[in-house]
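Notes for the one structure printed next.
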Amino acid sequence: MRIDQAVNLDDLRLLAKRRLPRIAFDFIEGGTEDESCIDRNVDAFARRHILPRYLVDVSQRDQSARLFGQTYASSFGIAPTGGVGLFRPGGDRMLAETAVEADIPFIMSGGGGLSIEQLAEAAPHHAWLQLYAARDAAITEDIVRRAEAAGIGVLVLTVDVPVSAKRERNIRNGFDKVIGNWWQAALGLPLPVLLEALRHPRWIIDYVRHGGMPPPEVWRPYAPAGAPTDALIRFTGGQMSNPGQTWADLERIRKLFSGRLVIKGVLHPDDAIRAADLGCDGIIVSNHGARQLDHARASLDALPGIVAAVGNRLTVMLDSGVRRGIDVLIARSLGAQFVFVGRPMLYGVTAGGRAGVRRAIDILKSEIDLAMGQAGCATLDVPPRTHRCIVAAMTSK
Ligand SMILES: Cc1cc2nc3c(=O)[nH]c(=O)nc-3n(C[C@H](O)[C@H](O)[C@H](O)COP(=O)(O)O)c2cc1C
């Protein structure tokens with residue numbers, strides 16, 4: 001199958017799986033512990049049914065969305081994912097530039113492969129930056145200042161990683177060994193994992209040619225000067241895992257950053273209320289794609305309670321489990337004003353670089369368009385309450 005033959009996002013997943021050794025593919029796919037949350041995320045969408053409305057004029061369908069003063073071509077954007085360069089060298093830039101082309105937002109992971117300044121230059125009006133509050137508050141403050149100076153309009157503070165998750169696929173595969181350079185990785189991996197990896201020569205060539213694991217460029221200025229990539233990655237990991245992060249950090253960031261501040265990883269309505277009270281502009285209802293707390297609630301199930309709690313006080317967005325255009329419609333119907341997509345964009349960039357990302361975006365857009373026509377919904381860009389009336393009732397069973 002070629003990229004242009006991919007009919008749905010799962011086809012892109014299969015292409016990505018073919019390109020990557022298991023150790024890398026598992027890093028994308030995996031959840032934590034029993035991985036029950038992965039199924040819960042998918043099931044939350046599958047459980048929702050639409051009661052379509054007919055005899056509605058849907059000859060002109062508009063899936064654009066207005067968000068933080070900007071109109072985007074669709075109601076979804078690219079969620080932040082670290083390690084993109086491991087799957088496709090230069091992948092962060094490919095995601096950023098394709099997002100510009102498609103006119104959707106791209107959130108670069110704080111562990112991404114571009115510096116803040118490179119990101120702003122690659123996608124001046126479409127780049128958002130995700131960050132974790134560092135253990136060293138001075139670093140966080142500098143990142144925030146640099147983002148503002150570079151013209152990044154939206155900062156996304158991820159709050160659902162107070163401690164590192166137990167990702168058992170990574171433990172079994174010896175994933176932390178790939179942090180070093182390629183020969184350290186080769187020597188350190190369990191033999192079956194190494195032998196399986198050798199069956200993906202094109203990926204291996206890319207990996208070796210680009211010097212192994214991609215460095216988290218945002219953090220380079222704070223690591224000891226001239227630190228090799230593995231030291232930079234360890235330094236970044238140590239700073240990003242911050243169990244001491246509290247609302248006080250959020251307050252400080254809010255005071256420092258004059259652009260839009262979004263909190264990612266909110267599941268409890270009281271946290272949403274607190275974020276609104278502290279002047280945040282938005283939240284992303286998310287369980288980190290089932291990668292943190294295995295018994296976390298599905299984002300879609302958490303959404304209605306949060307929308308009821310904060311209403312229009314801030315912009316409510318959602319990620320985790322979106323795999324079809326209809327999922328975007330469902331999330332919007334339940335009150336999300338925007339949706340982010342994580343793994344499917346990684347499948348695209350892994351499978352085919354820019355063309356793969358473009359394909360993933362086009363597939364989702366055409367499915368949204370179709371779903372809108374089928375449901376009797378000519379526009380998505382209306383306030384959630386009105387929108388729910390247009391799409392009609394959603395039932396949970
Ligand atoms: C490989 C991978 C890396 C990720 N890295 C980050 C990250 O650096 N920061 C972050 O806030 N979320 C990260 N996420 C979570 C995504 O932003 C998003 O919440 C999740 O992928 C959404 O679920 P989905 O994959 O089902 O769409 C990562 C997800 C994946 C799959």
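Residues in the structure tokens are named by chain (A, B, ... in the order shown) and by number from 1 within that chain; ligands are numbered from 1 in the order shown.
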Can you tell me which residues come within 7 Å of ligand 1 when counting only C-alpha atoms and all ligand atoms, ideally as an MDAnalysis selection string? chainID A and resid 27:29 79:83 109:111 130 158 264 286:290 319:322 340:344
Export of prior selection with C-alpha atoms as a CSV table (one decimal), in the first residue's frame:
```csv
chain,number,residue,atom,x,y,z
A,27,PHE,CA,6.6,3.8,22.0
A,28,ILE,CA,3.9,5.4,19.9
A,29,GLU,CA,1.2,2.8,20.5
A,79,ALA,CA,-1.3,17.3,19.5
A,80,PRO,CA,2.2,17.6,20.9
A,81,THR,CA,4.2,14.4,20.7
A,82,GLY,CA,7.8,14.0,21.8
A,83,GLY,CA,10.3,12.0,19.9
A,109,SER,CA,6.1,19.0,22.3
A,110,GLY,CA,8.4,20.7,24.8
A,111,GLY,CA,10.6,17.7,24.0
A,130,GLN,CA,3.8,22.7,24.9
A,158,THR,CA,0.8,19.9,30.4
A,264,LYS,CA,-3.5,20.2,28.9
A,286,SER,CA,-7.1,14.8,27.9
A,287,ASN,CA,-5.8,11.7,29.5
A,288,HIS,CA,-2.6,12.0,27.5
A,289,GLY,CA,-3.8,9.4,25.0
A,290,ALA,CA,-3.9,6.8,27.8
A,319,ASP,CA,-7.9,15.0,22.8
A,320,SER,CA,-7.4,11.2,23.3
A,321,GLY,CA,-8.9,8.6,21.0
A,322,VAL,CA,-10.0,10.6,18.0
A,340,PHE,CA,-6.4,17.5,18.9
A,341,VAL,CA,-5.1,14.4,17.4
A,342,GLY,CA,-1.9,12.6,18.5
A,343,ARG,CA,-1.0,9.2,17.2
A,344,PRO,CA,-2.7,9.4,13.8
```
Residues of segment 21-83 of chain A classed as strand (DSSP E) by DSSP on the backbone are to be reported as a PyMOL selection string. chain A and resi 49-50+65-67+70-72+76-78
Those residues you just picked out, can you put them in a file as a PDB file, in the first residue's frame with N, CA, C and O atoms?
```pdb
ATOM      1  N   HIS A  49     -23.954   7.683  19.801  1.00  0.00           N
ATOM      2  CA  HIS A  49     -24.668   7.548  18.535  1.00  0.00           C
ATOM      3  C   HIS A  49     -25.266   8.882  18.141  1.00  0.00           C
ATOM      4  O   HIS A  49     -25.602   9.686  19.005  1.00  0.00           O
ATOM      5  N   ILE A  50     -25.392   9.066  16.867  1.00  0.00           N
ATOM      6  CA  ILE A  50     -25.961  10.328  16.379  1.00  0.00           C
ATOM      7  C   ILE A  50     -27.382  10.104  15.884  1.00  0.00           C
ATOM      8  O   ILE A  50     -27.658   9.089  15.229  1.00  0.00           O
ATOM      9  N   ALA A  65     -13.024  26.472  12.111  1.00  0.00           N
ATOM     10  CA  ALA A  65     -13.281  26.784  13.524  1.00  0.00           C
ATOM     11  C   ALA A  65     -12.520  28.037  13.893  1.00  0.00           C
ATOM     12  O   ALA A  65     -11.396  28.254  13.441  1.00  0.00           O
ATOM     13  N   ARG A  66     -13.139  28.837  14.731  1.00  0.00           N
ATOM     14  CA  ARG A  66     -12.486  30.051  15.212  1.00  0.00           C
ATOM     15  C   ARG A  66     -11.979  29.799  16.622  1.00  0.00           C
ATOM     16  O   ARG A  66     -12.710  29.350  17.498  1.00  0.00           O
ATOM     17  N   LEU A  67     -10.698  30.064  16.789  1.00  0.00           N
ATOM     18  CA  LEU A  67     -10.061  29.713  18.053  1.00  0.00           C
ATOM     19  C   LEU A  67      -9.045  30.788  18.395  1.00  0.00           C
ATOM     20  O   LEU A  67      -8.157  31.081  17.583  1.00  0.00           O
ATOM     21  N   GLN A  70      -8.331  33.358  15.751  1.00  0.00           N
ATOM     22  CA  GLN A  70      -7.850  32.934  14.430  1.00  0.00           C
ATOM     23  C   GLN A  70      -8.823  31.893  13.867  1.00  0.00           C
ATOM     24  O   GLN A  70      -9.312  31.035  14.604  1.00  0.00           O
ATOM     25  N   THR A  71      -9.068  31.981  12.559  1.00  0.00           N
ATOM     26  CA  THR A  71      -9.930  30.967  11.946  1.00  0.00           C
ATOM     27  C   THR A  71      -9.056  29.893  11.314  1.00  0.00           C
ATOM     28  O   THR A  71      -8.156  30.199  10.531  1.00  0.00           O
ATOM     29  N   TYR A  72      -9.305  28.650  11.683  1.00  0.00           N
ATOM     30  CA  TYR A  72      -8.558  27.522  11.121  1.00  0.00           C
ATOM     31  C   TYR A  72      -9.451  26.768  10.136  1.00  0.00           C
ATOM     32  O   TYR A  72     -10.679  26.826  10.230  1.00  0.00           O
ATOM     33  N   PHE A  76      -9.784  20.498  14.030  1.00  0.00           N
ATOM     34  CA  PHE A  76      -8.781  19.694  14.720  1.00  0.00           C
ATOM     35  C   PHE A  76      -7.382  20.238  14.443  1.00  0.00           C
ATOM     36  O   PHE A  76      -7.132  20.906  13.440  1.00  0.00           O
ATOM     37  N   GLY A  77      -6.494  19.922  15.369  1.00  0.00           N
ATOM     38  CA  GLY A  77      -5.095  20.297  15.214  1.00  0.00           C
ATOM     39  C   GLY A  77      -4.211  19.125  15.608  1.00  0.00           C
ATOM     40  O   GLY A  77      -4.701  18.042  15.972  1.00  0.00           O
ATOM     41  N   ILE A  78      -2.898  19.361  15.535  1.00  0.00           N
ATOM     42  CA  ILE A  78      -1.930  18.297  15.811  1.00  0.00           C
ATOM     43  C   ILE A  78      -1.470  18.402  17.261  1.00  0.00           C
ATOM     44  O   ILE A  78      -0.919  19.421  17.679  1.00  0.00           O
TER      45      ILE A  78
END
```
Could you build a table of the residues in segment 255-334 of chain A lying no more than 12 Å from segment 159-164 of chain A, giving for each the nearest pair of atoms and their separation in Å rounded to one decimal place, using only C-alpha atoms, ordered by chain and ascending residue number, as a Markdown table?
```
| residue | atom | partner | partner_atom | distance |
| --- | --- | --- | --- | --- |
| A:Val262 | CA | A:Val159 | CA | 10.4 |
| A:Ile263 | CA | A:Val159 | CA | 6.9 |
| A:Lys264 | CA | A:Val159 | CA | 6.1 |
| A:Gly265 | CA | A:Asp160 | CA | 5.0 |
| A:Val266 | CA | A:Asp160 | CA | 7.4 |
| A:Leu267 | CA | A:Asp160 | CA | 9.3 |
| A:His268 | CA | A:Asp160 | CA | 11.5 |
| A:Asp271 | CA | A:Val159 | CA | 10.6 |
| A:Ala272 | CA | A:Val159 | CA | 11.9 |
| A:Ala275 | CA | A:Val159 | CA | 11.3 |
| A:Ile283 | CA | A:Val159 | CA | 10.5 |
| A:Ile284 | CA | A:Val159 | CA | 10.3 |
| A:Val285 | CA | A:Asp160 | CA | 10.5 |
| A:Ser286 | CA | A:Asp160 | CA | 8.6 |
| A:Asn287 | CA | A:Asp160 | CA | 7.4 |
| A:His288 | CA | A:Asp160 | CA | 7.3 |
| A:Gly289 | CA | A:Asp160 | CA | 10.9 |
| A:Ala290 | CA | A:Asp160 | CA | 10.8 |
| A:Arg291 | CA | A:Val161 | CA | 9.4 |
| A:Gln292 | CA | A:Val161 | CA | 6.8 |
| A:Leu293 | CA | A:Asp160 | CA | 8.6 |
| A:Ala296 | CA | A:Asp160 | CA | 10.5 |
```
Taking into account only C-alpha atoms, which residue in the set A:Ala223, A:Ala336, A:Met1, A:Asp26 is nearest to Leu14 of chain A?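 Smallest distance to Leu14 of chain A is found for A:Met1.
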Between A:Leu9, A:Ala351, A:Ile361, A:Ile204, which is the closest to Asp103 of chain A once you count only C-alpha atoms? A:Ile361
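Remark: for Tyr347 of chain A, the closest of the candidate residues A:Leu55, A:Cys280, A:Leu15, A:Ile179 is A:Leu15 (distances computed over only C-alpha atoms).
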